[in-house]
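Visitor: Just one file: final_29.cif, with mmCIF, C-alpha atoms.
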data_coords
#
loop_
_atom_site.label_atom_id
_atom_site.label_comp_id
_atom_site.auth_asym_id
_atom_site.auth_seq_id
_atom_site.Cartn_x
_atom_site.Cartn_y
_atom_site.Cartn_z
CA MET A 1 -18.81 -5.48 22.35
CA PHE A 2 -18.07 -8.68 20.42
CA LYS A 3 -21.66 -9.85 20.17
CA ASN A 4 -22.74 -8.60 16.79
CA LEU A 5 -19.61 -9.09 14.76
CA PHE A 6 -21.25 -11.15 12.09
CA GLY A 7 -24.59 -11.39 10.39
CA LYS A 8 -26.89 -14.16 11.57
CA GLN A 9 -25.82 -16.55 8.87
CA GLN A 10 -22.17 -16.35 9.80
CA ALA A 11 -22.80 -16.38 13.54
CA THR A 12 -23.96 -19.98 13.24
CA THR A 13 -20.70 -21.11 11.68
CA LEU A 14 -18.26 -19.05 13.73
CA GLU A 15 -18.72 -20.36 17.28
CA SER A 16 -16.81 -19.08 20.28
CA THR A 17 -14.66 -21.72 21.91
CA GLY A 18 -15.76 -20.44 25.31
CA PRO A 19 -13.60 -20.87 28.44
CA ALA A 20 -10.56 -22.17 26.57
CA ASP A 21 -9.89 -18.62 25.36
CA PHE A 22 -6.66 -17.88 27.19
CA PRO A 23 -4.39 -20.66 25.83
CA ALA A 24 -5.81 -19.89 22.38
CA LEU A 25 -4.68 -16.27 22.70
CA GLU A 26 -1.18 -17.25 23.84
CA THR A 27 -0.92 -19.61 20.84
CA ALA A 28 -2.19 -16.73 18.68
CA ALA A 29 0.51 -14.41 20.04
CA GLU A 30 3.19 -17.00 19.29
CA LEU A 31 1.88 -17.54 15.76
CA LEU A 32 1.67 -13.78 15.14
CA THR A 33 5.45 -13.65 15.59
CA ALA A 34 6.06 -16.60 13.22
CA PRO A 35 7.53 -15.92 9.75
CA SER A 36 4.37 -17.27 8.09
CA ALA A 37 2.37 -14.37 9.58
CA MET A 38 4.87 -11.93 7.99
CA LEU A 39 4.08 -9.37 10.69
CA GLN A 40 7.47 -8.74 12.33
CA LEU A 41 6.02 -8.30 15.81
CA SER A 42 7.84 -9.20 19.03
CA LEU A 43 6.14 -11.68 21.38
CA VAL A 44 5.33 -8.87 23.84
CA GLU A 45 3.71 -6.84 21.05
CA ALA A 46 1.90 -9.87 19.66
CA ARG A 47 0.41 -10.55 23.12
CA VAL A 48 -1.07 -7.04 23.14
CA VAL A 49 -2.60 -7.63 19.70
CA ALA A 50 -3.86 -11.10 20.73
CA ARG A 51 -5.88 -9.56 23.57
CA TYR A 52 -8.04 -7.90 20.89
CA MET A 53 -8.65 -11.19 19.11
CA ARG A 54 -11.39 -13.72 19.79
CA PRO A 55 -11.14 -17.50 19.35
CA ARG A 56 -13.48 -19.14 16.88
CA PHE A 57 -14.16 -22.72 15.97
CA ILE A 58 -15.04 -23.31 12.32
CA ARG A 59 -16.39 -26.65 11.12
CA GLU A 60 -14.81 -28.54 8.23
CA GLY A 61 -16.32 -27.49 4.93
CA THR A 62 -17.34 -23.99 6.02
CA VAL A 63 -16.57 -21.20 3.55
CA PHE A 64 -15.76 -18.63 6.23
CA ILE A 65 -14.64 -15.97 3.75
CA ARG A 66 -16.65 -15.99 0.55
CA GLU A 67 -15.70 -14.13 -2.65
CA GLY A 68 -18.22 -11.37 -3.31
CA ASP A 69 -19.60 -11.29 0.25
CA ALA A 70 -20.35 -7.65 1.05
CA ALA A 71 -21.62 -7.88 4.64
CA GLY A 72 -19.64 -8.78 7.75
CA THR A 73 -16.34 -8.66 5.87
CA GLY A 74 -14.48 -6.54 8.44
CA PHE A 75 -12.37 -9.24 10.03
CA MET A 76 -9.14 -11.15 9.60
CA ALA A 77 -8.54 -14.73 10.77
CA LEU A 78 -5.34 -16.33 12.09
CA VAL A 79 -5.31 -20.13 11.94
CA LEU A 80 -4.26 -21.82 15.21
CA ASP A 81 -4.93 -25.39 14.20
CA GLY A 82 -6.37 -27.03 11.09
CA GLU A 83 -6.25 -26.36 7.38
CA VAL A 84 -7.64 -23.68 5.09
CA THR A 85 -8.04 -24.02 1.34
CA VAL A 86 -7.61 -20.91 -0.80
CA GLU A 87 -7.60 -20.45 -4.55
CA ASN A 88 -4.60 -18.72 -6.08
CA ILE A 89 -4.12 -17.27 -9.52
CA VAL A 90 -0.84 -18.33 -11.08
CA VAL A 91 0.58 -17.48 -14.50
CA SER A 92 -0.33 -20.44 -16.69
CA ARG A 93 -2.29 -20.92 -19.92
CA VAL A 94 -3.35 -24.42 -18.88
CA SER A 95 -4.29 -24.25 -15.21
CA PRO A 96 -4.25 -20.65 -13.94
CA ILE A 97 -6.21 -21.42 -10.77
CA THR A 98 -4.40 -23.51 -8.17
CA VAL A 99 -5.61 -24.59 -4.77
CA THR A 100 -3.32 -24.00 -1.81
CA VAL A 101 -3.75 -25.54 1.63
CA LEU A 102 -2.54 -23.37 4.50
CA GLY A 103 -2.16 -24.37 8.13
CA ALA A 104 -1.36 -22.93 11.55
CA GLY A 105 0.03 -19.40 11.42
CA SER A 106 -1.61 -18.47 8.14
CA MET A 107 -3.64 -15.25 8.05
CA HIS A 108 -6.72 -14.66 5.94
CA GLY A 109 -8.93 -11.70 5.12
CA GLU A 110 -6.70 -8.76 5.99
CA LEU A 111 -8.12 -6.66 3.13
CA GLY A 112 -11.55 -6.80 4.76
CA LEU A 113 -9.96 -5.81 8.07
CA ILE A 114 -8.48 -2.74 6.39
CA ASP A 115 -11.40 -1.54 4.30
CA GLY A 116 -14.47 -3.69 5.07
CA LEU A 117 -15.19 -4.00 1.33
CA PRO A 118 -16.53 -7.15 -0.40
CA ARG A 119 -14.28 -10.20 -0.29
CA SER A 120 -12.06 -10.72 -3.33
CA ALA A 121 -11.40 -14.44 -2.73
CA SER A 122 -12.78 -17.37 -0.75
CA CYS A 123 -11.31 -19.32 2.17
CA THR A 124 -12.68 -22.75 3.09
CA ALA A 125 -12.01 -24.77 6.23
CA SER A 126 -10.71 -28.05 4.80
CA SER A 127 -10.61 -29.54 8.31
CA ASP A 128 -12.16 -28.52 11.62
CA LEU A 129 -10.48 -25.21 12.33
CA HIS A 130 -9.38 -23.42 15.47
CA CYS A 131 -8.61 -19.82 14.74
CA VAL A 132 -8.68 -16.34 16.25
CA ILE A 133 -10.29 -13.41 14.52
CA LEU A 134 -9.46 -9.72 14.69
CA THR A 135 -12.41 -7.54 13.73
CA ARG A 136 -12.23 -4.04 12.34
CA GLU A 137 -14.03 -2.81 15.49
CA ALA A 138 -11.46 -4.49 17.75
CA MET A 139 -8.59 -3.08 15.69
CA LEU A 140 -10.06 0.44 15.93
CA GLN A 141 -10.38 -0.11 19.69
CA LEU A 142 -6.70 -1.13 19.86
CA LEU A 143 -5.80 2.01 17.90
CA LYS A 144 -7.72 4.06 20.50
CA ASP A 145 -6.35 2.24 23.60
CA ASP A 146 -2.74 1.91 22.46
CA PRO A 147 -2.05 4.00 19.36
CA LYS A 148 1.63 3.03 19.28
CA MET A 149 0.85 -0.70 19.20
CA GLY A 150 -2.10 -0.10 16.85
CA ALA A 151 0.18 1.79 14.47
CA LYS A 152 2.72 -1.03 14.60
CA LEU A 153 0.02 -3.57 13.71
CA MET A 154 -1.31 -1.35 10.90
CA MET A 155 2.20 -0.99 9.53
CA ALA A 156 2.73 -4.76 9.71
CA ILE A 157 -0.54 -5.44 7.91
CA ALA A 158 0.22 -2.73 5.33
CA MET A 159 3.57 -4.48 4.64
CA ARG A 160 1.78 -7.78 4.08
CA VAL A 161 -0.67 -6.15 1.68
CA ALA A 162 2.18 -4.32 -0.07
CA GLN A 163 3.94 -7.66 -0.58
CA ARG A 164 0.79 -9.19 -2.04
CA LEU A 165 0.40 -6.18 -4.37
CA ARG A 166 4.02 -6.57 -5.52
CA ASP A 167 3.46 -10.29 -6.17
CA ASN A 168 0.26 -9.55 -8.11
CA THR A 169 1.97 -6.87 -10.18
CA GLN A 170 4.66 -9.39 -11.15
CA LYS A 171 1.97 -11.86 -12.18
CA LEU A 172 0.20 -9.18 -14.23
CA LYS A 173 3.44 -8.37 -16.05
CA LYS A 174 3.90 -12.05 -16.83
CA TYR A 175 0.32 -12.29 -18.09
CA VAL A 176 1.02 -9.37 -20.41
CA GLN A 177 3.96 -11.37 -21.82
CA LEU A 178 1.94 -14.57 -22.03
CA THR A 179 -0.91 -12.84 -23.89
CA LYS A 180 1.59 -11.31 -26.31
CA ALA A 181 3.13 -14.73 -27.03
CA MET A 182 -0.31 -16.28 -27.53
CA GLN A 183 -1.34 -13.46 -29.89
CA GLN A 184 1.77 -14.16 -31.97
CA GLU A 185 0.81 -17.83 -32.10
CA ILE A 186 -2.68 -16.88 -33.26
CA ASP A 187 -1.30 -14.50 -35.91
CA HIS A 188 1.02 -17.26 -37.10
CA LEU A 189 -1.79 -19.81 -37.30
CA MET A 190 -4.26 -17.49 -39.03
CA PRO A 191 -4.68 -18.28 -42.71
CA GLY A 192 -3.53 -15.63 -45.19
CA MET B 193 17.56 14.60 9.70
CA PHE B 194 16.48 15.12 6.10
CA LYS B 195 19.98 15.39 4.66
CA ASN B 196 20.75 11.90 3.48
CA LEU B 197 17.40 10.81 2.21
CA PHE B 198 18.59 9.92 -1.24
CA GLY B 199 21.68 8.52 -2.86
CA LYS B 200 23.98 10.98 -4.58
CA GLN B 201 22.48 10.35 -7.99
CA GLN B 202 19.00 11.24 -6.87
CA ALA B 203 20.06 14.20 -4.78
CA THR B 204 20.96 16.07 -7.97
CA THR B 205 17.47 15.70 -9.40
CA LEU B 206 15.41 16.24 -6.25
CA GLU B 207 16.21 19.80 -5.21
CA SER B 208 14.74 21.50 -2.16
CA THR B 209 12.67 24.55 -2.98
CA GLY B 210 14.19 26.35 0.01
CA PRO B 211 12.41 29.24 1.77
CA ALA B 212 9.09 28.76 -0.02
CA ASP B 213 8.49 25.63 2.08
CA PHE B 214 5.52 26.82 4.13
CA PRO B 215 3.00 27.56 1.37
CA ALA B 216 4.03 24.28 -0.26
CA LEU B 217 3.17 22.40 2.94
CA GLU B 218 -0.23 24.12 3.24
CA THR B 219 -0.98 23.18 -0.38
CA ALA B 220 0.19 19.65 0.46
CA ALA B 221 -2.20 19.48 3.42
CA GLU B 222 -5.09 20.62 1.24
CA LEU B 223 -4.25 18.07 -1.46
CA LEU B 224 -3.90 15.28 1.12
CA THR B 225 -7.58 15.78 1.94
CA ALA B 226 -8.64 15.73 -1.75
CA PRO B 227 -10.45 12.65 -3.12
CA SER B 228 -7.56 11.98 -5.55
CA ALA B 229 -5.25 11.28 -2.60
CA MET B 230 -7.76 8.68 -1.34
CA LEU B 231 -6.56 9.21 2.23
CA GLN B 232 -9.70 10.34 4.10
CA LEU B 233 -7.83 12.75 6.37
CA SER B 234 -9.31 15.96 7.80
CA LEU B 235 -7.48 19.23 7.04
CA VAL B 236 -6.23 19.44 10.65
CA GLU B 237 -4.84 15.88 10.41
CA ALA B 238 -3.36 16.51 6.97
CA ARG B 239 -1.52 19.57 8.33
CA VAL B 240 0.16 17.38 10.96
CA VAL B 241 1.24 14.93 8.25
CA ALA B 242 2.41 17.75 5.97
CA ARG B 243 4.85 18.95 8.66
CA TYR B 244 6.75 15.70 8.12
CA MET B 245 6.96 16.25 4.37
CA ARG B 246 9.62 18.14 2.45
CA PRO B 247 9.12 20.13 -0.77
CA ARG B 248 11.06 19.00 -3.81
CA PHE B 249 11.43 20.44 -7.28
CA ILE B 250 11.85 17.86 -10.02
CA ARG B 251 12.85 18.84 -13.55
CA GLU B 252 10.85 17.80 -16.60
CA GLY B 253 12.03 14.46 -17.93
CA THR B 254 13.35 13.13 -14.59
CA VAL B 255 12.46 9.54 -13.78
CA PHE B 256 12.10 10.14 -10.05
CA ILE B 257 10.85 6.62 -9.30
CA ARG B 258 12.46 3.97 -11.48
CA GLU B 259 11.27 0.36 -11.79
CA GLY B 260 13.85 -1.99 -10.30
CA ASP B 261 15.62 0.72 -8.26
CA ALA B 262 16.66 -0.91 -4.99
CA ALA B 263 18.33 2.00 -3.17
CA GLY B 264 16.68 5.13 -1.79
CA THR B 265 13.20 3.77 -2.43
CA GLY B 266 11.76 4.62 0.99
CA PHE B 267 9.68 7.65 0.04
CA MET B 268 6.32 8.65 -1.35
CA ALA B 269 5.68 11.80 -3.42
CA LEU B 270 2.58 14.00 -3.52
CA VAL B 271 2.31 16.19 -6.62
CA LEU B 272 1.55 19.87 -5.88
CA ASP B 273 1.92 21.20 -9.39
CA GLY B 274 2.89 19.65 -12.71
CA GLU B 275 2.37 16.31 -14.39
CA VAL B 276 3.63 12.79 -13.81
CA THR B 277 3.56 9.99 -16.37
CA VAL B 278 3.06 6.44 -15.14
CA GLU B 279 2.64 3.17 -17.00
CA ASN B 280 -0.41 1.08 -16.21
CA ILE B 281 -1.21 -2.51 -17.07
CA VAL B 282 -4.72 -2.91 -18.47
CA VAL B 283 -6.47 -6.04 -19.66
CA SER B 284 -5.99 -6.03 -23.43
CA ARG B 285 -4.46 -8.41 -25.97
CA VAL B 286 -3.50 -5.55 -28.24
CA SER B 287 -2.12 -2.78 -26.01
CA PRO B 288 -1.80 -3.95 -22.40
CA ILE B 289 0.48 -1.09 -21.35
CA THR B 290 -1.14 2.36 -21.24
CA VAL B 291 0.40 5.64 -20.23
CA THR B 292 -1.49 7.75 -17.69
CA VAL B 293 -0.75 11.39 -16.91
CA LEU B 294 -1.49 12.43 -13.33
CA GLY B 295 -1.50 15.93 -11.91
CA ALA B 296 -1.81 17.82 -8.62
CA GLY B 297 -3.00 15.66 -5.74
CA SER B 298 -1.70 12.40 -7.16
CA MET B 299 0.47 10.25 -4.89
CA HIS B 300 3.32 8.02 -6.05
CA GLY B 301 5.58 5.45 -4.46
CA GLU B 302 3.63 4.49 -1.32
CA LEU B 303 4.83 0.86 -1.55
CA GLY B 304 8.42 2.04 -1.07
CA LEU B 305 7.26 4.15 1.85
CA ILE B 306 5.78 1.04 3.48
CA ASP B 307 8.50 -1.52 2.85
CA GLY B 308 11.51 0.22 1.24
CA LEU B 309 11.78 -2.60 -1.32
CA PRO B 310 12.74 -2.13 -5.01
CA ARG B 311 10.34 -0.06 -7.11
CA SER B 312 7.76 -2.04 -9.08
CA ALA B 313 6.97 0.75 -11.58
CA SER B 314 8.40 4.02 -12.89
CA CYS B 315 7.17 7.61 -12.52
CA THR B 316 8.44 10.34 -14.84
CA ALA B 317 8.05 14.09 -14.48
CA SER B 318 6.42 15.02 -17.79
CA SER B 319 6.63 18.71 -16.86
CA ASP B 320 8.61 20.62 -14.24
CA LEU B 321 7.21 19.28 -11.01
CA HIS B 322 6.58 20.74 -7.59
CA CYS B 323 5.94 18.02 -5.07
CA VAL B 324 6.38 17.10 -1.43
CA ILE B 325 7.94 13.87 -0.32
CA LEU B 326 7.33 11.80 2.79
CA THR B 327 10.26 9.54 3.60
CA ARG B 328 10.11 6.32 5.58
CA GLU B 329 12.34 7.94 8.22
CA ALA B 330 9.97 10.91 8.55
CA MET B 331 6.96 8.60 8.76
CA LEU B 332 8.63 6.57 11.51
CA GLN B 333 9.37 9.85 13.29
CA LEU B 334 5.68 10.83 13.00
CA LEU B 335 4.73 7.42 14.43
CA LYS B 336 7.06 8.14 17.38
CA ASP B 337 5.97 11.78 17.94
CA ASP B 338 2.24 11.29 17.44
CA PRO B 339 1.30 7.59 17.32
CA LYS B 340 -2.41 8.36 16.94
CA MET B 341 -1.85 10.50 13.86
CA GLY B 342 0.81 8.11 12.57
CA ALA B 343 -1.61 5.21 12.90
CA LYS B 344 -4.28 7.18 11.04
CA LEU B 345 -1.85 7.85 8.19
CA MET B 346 -0.73 4.20 8.11
CA MET B 347 -4.37 3.12 7.98
CA ALA B 348 -5.07 5.57 5.15
CA ILE B 349 -2.08 4.35 3.15
CA ALA B 350 -2.98 0.71 3.85
CA MET B 351 -6.48 1.41 2.45
CA ARG B 352 -4.95 2.86 -0.72
CA VAL B 353 -2.71 -0.17 -1.15
CA ALA B 354 -5.64 -2.51 -0.41
CA GLN B 355 -7.63 -0.77 -3.16
CA ARG B 356 -4.76 -1.20 -5.61
CA LEU B 357 -4.47 -4.88 -4.66
CA ARG B 358 -8.21 -5.35 -5.25
CA ASP B 359 -7.94 -3.63 -8.66
CA ASN B 360 -4.96 -5.82 -9.59
CA THR B 361 -6.74 -8.98 -8.51
CA GLN B 362 -9.67 -8.06 -10.76
CA LYS B 363 -7.25 -7.53 -13.66
CA LEU B 364 -5.58 -10.89 -12.95
CA LYS B 365 -8.96 -12.63 -13.02
CA LYS B 366 -9.72 -10.99 -16.37
CA TYR B 367 -6.33 -12.07 -17.72
CA VAL B 368 -7.14 -15.64 -16.72
CA GLN B 369 -10.34 -15.37 -18.79
CA LEU B 370 -8.52 -13.72 -21.70
CA THR B 371 -5.82 -16.41 -21.75
CA LYS B 372 -8.50 -19.10 -21.71
CA ALA B 373 -10.29 -17.49 -24.67
CA MET B 374 -7.04 -17.16 -26.60
CA GLN B 375 -6.13 -20.79 -25.90
CA GLN B 376 -9.52 -21.83 -27.34
CA GLU B 377 -8.78 -19.75 -30.44
CA ILE B 378 -5.39 -21.45 -30.78
CA ASP B 379 -6.93 -24.93 -30.34
CA HIS B 380 -9.54 -24.04 -32.98
CA LEU B 381 -6.91 -22.81 -35.43
CA MET B 382 -4.55 -25.73 -34.90
CA PRO B 383 -4.63 -28.19 -37.79
CA GLY B 384 -5.85 -31.69 -37.05
#
Any chance you could put this one into structure tokens?
Guide:
Amino acid sequence: MFKNLFGKQQATTLESTGPADFPALETAAELLTAPSAMLQLSLVEARVVARYMRPRFIREGTVFIREGDAAGTGFMALVLDGEVTVENIVVSRVSPITVTVLGAGSMHGELGLIDGLPRSASCTASSDLHCVILTREAMLQLLKDDPKMGAKLMMAIAMRVAQRLRDNTQKLKKYVQLTKAMQQEIDHLMPG
Amino acid sequence: MFKNLFGKQQATTLESTGPADFPALETAAELLTAPSAMLQLSLVEARVVARYMRPRFIREGTVFIREGDAAGTGFMALVLDGEVTVENIVVSRVSPITVTVLGAGSMHGELGLIDGLPRSASCTASSDLHCVILTREAMLQLLKDDPKMGAKLMMAIAMRVAQRLRDNTQKLKKYVQLTKAMQQEIDHLMPG
């Protein structure tokens, strides 16, 4: 069931960690309950979710989620150990793109998990990375096996996405203000 | 169960339509399956969801979702008949705020449904409005009564929110470009 989760290209970079799976999943469950995951699951619930996840080892330097990628996007990754670099848009006329480094407990790619559409941002392993992934197929299986738990996870992920949408809307509003101020500057500087 | 859904102030503007509930709910089910709702539910599924909704009549001119409102935000509205005016942010240095009029089948306020946090935008009834509302309490009840259906609805709403987040991220990227171009203009115009 978990064999063909990724296209060939990605399969080479996302290796299974093999027999060390169980401790990885317990760590995953613990991290799913951490504030950084923003999922509001109990440890018992998180353990159920973790059973649908698969450990992956990602080598330093791998772009494991690439902006614009349209194939094999239906998965989310939870970092167990190591660091991930992501680009963020902030409201600034000088340096609007900042680089953030996220560690254990950070989650990446939940939009792809929800809709399987092309990636809207990139995530790079800035160190060797131990993580677990939840694929869209596995999540649909969880929804079938345990609808109550599946619904709880969906709700938790929806809340995360809602928070990101709220944050983005605030940034957009600030960009509207910034553009207005800059236009005034331009009008002021224009001759005549 | 549906008595204290809103604060006193809102209760005066969101009146129940009373005995005409059933046809309203059938219309709601049909509209929930329409492309404009972006929910991908079958009619049978939509009818289950509609049973958890309540018809409301909203008078022309009522701001039924108000930006910044922190209380009574845990509901989503589906328009059955009438028009709703919402403000949208677009990427423009001249007129970044546009007004959009949405009619039957449009859904409003799903972020509040998900997280119950303060409203990030306003919705105004620009004509007398017949709609149905789904409250957070009713959705949680649906999740309890019928987890499979509840999960399906959560997934559908998460997909809508994911789409909005993707749209917003695109706009943010364009604003970054616009700000950059404007800064170049300013640098060019600056004396010295």
Visitor: Distance atom CA of Ala269 of chain B-atom CA of Glu302 of chain B, one decimal place?
Guide: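 We find that atom CA of Ala269 of chain B and atom CA of Glu302 of chain B lie 7.9 Å from each other.
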Visitor: Evaluate the PyMOL selection byres ((chain B) within 8 of (chain A)) on the structure here and hand back the selected residues as a ChimeraX atom specification.
Guide: /B:281,285-286,288,303,306-307,312,335-336,339-340,342-344,346-347,349-351,353-354,356-358,360-361,363-365,367-368,370-372,374-375,377-378,381-382
Visitor: For this file, the PyMOL selection byres ((chain A and resi 27-43) around 7) selects which residues, as a PyMOL selection string?
Guide: chain A and resi 23-26+44-47+50+80+105-107+132+156-157+160
Visitor: Enumerate, as an NGL selection string, the protein, DNA and RNA residues whose atoms approach (-6.4, -24.5, 1.8) to within 6 Å, taking into account only C-alpha atoms and the coordinate frame of the file.
Guide: :A and (83-86 or 100-102)
Visitor: Env of Leu129 of chain A: 12 Å cut, atoms = all atoms listed in the file, seq-sep filter 6 positions within chain, self excluded. Answer as a PyMOL selection string.
Guide: chain A and resi 13-17+55-64+77-85+102-104+106+123
Visitor: What does the distance from atom CA of Gly74 of chain A to atom CA of Glu137 of chain A come to in Å, to one decimal?
Guide: 8.0 Å
Visitor: Would you mind reading off the distance between atom CA of Gly109 of chain A and atom CA of Ile65 of chain A, one decimal, in Å?
Guide: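 Taking atom CA of Gly109 of chain A and atom CA of Ile65 of chain A, their separation equals 7.3 Å.
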Visitor: Mind giving me the axis-aligned box for segment 41-44 of chain A with 5 Å on every side, centre plus edges in Å to one decimal, as AutoDock Vina command-line options?
Guide:
--center_x 6.6 --center_y -10.0 --center_z 19.8 --size_x 12.5 --size_y 13.4 --size_z 18.0
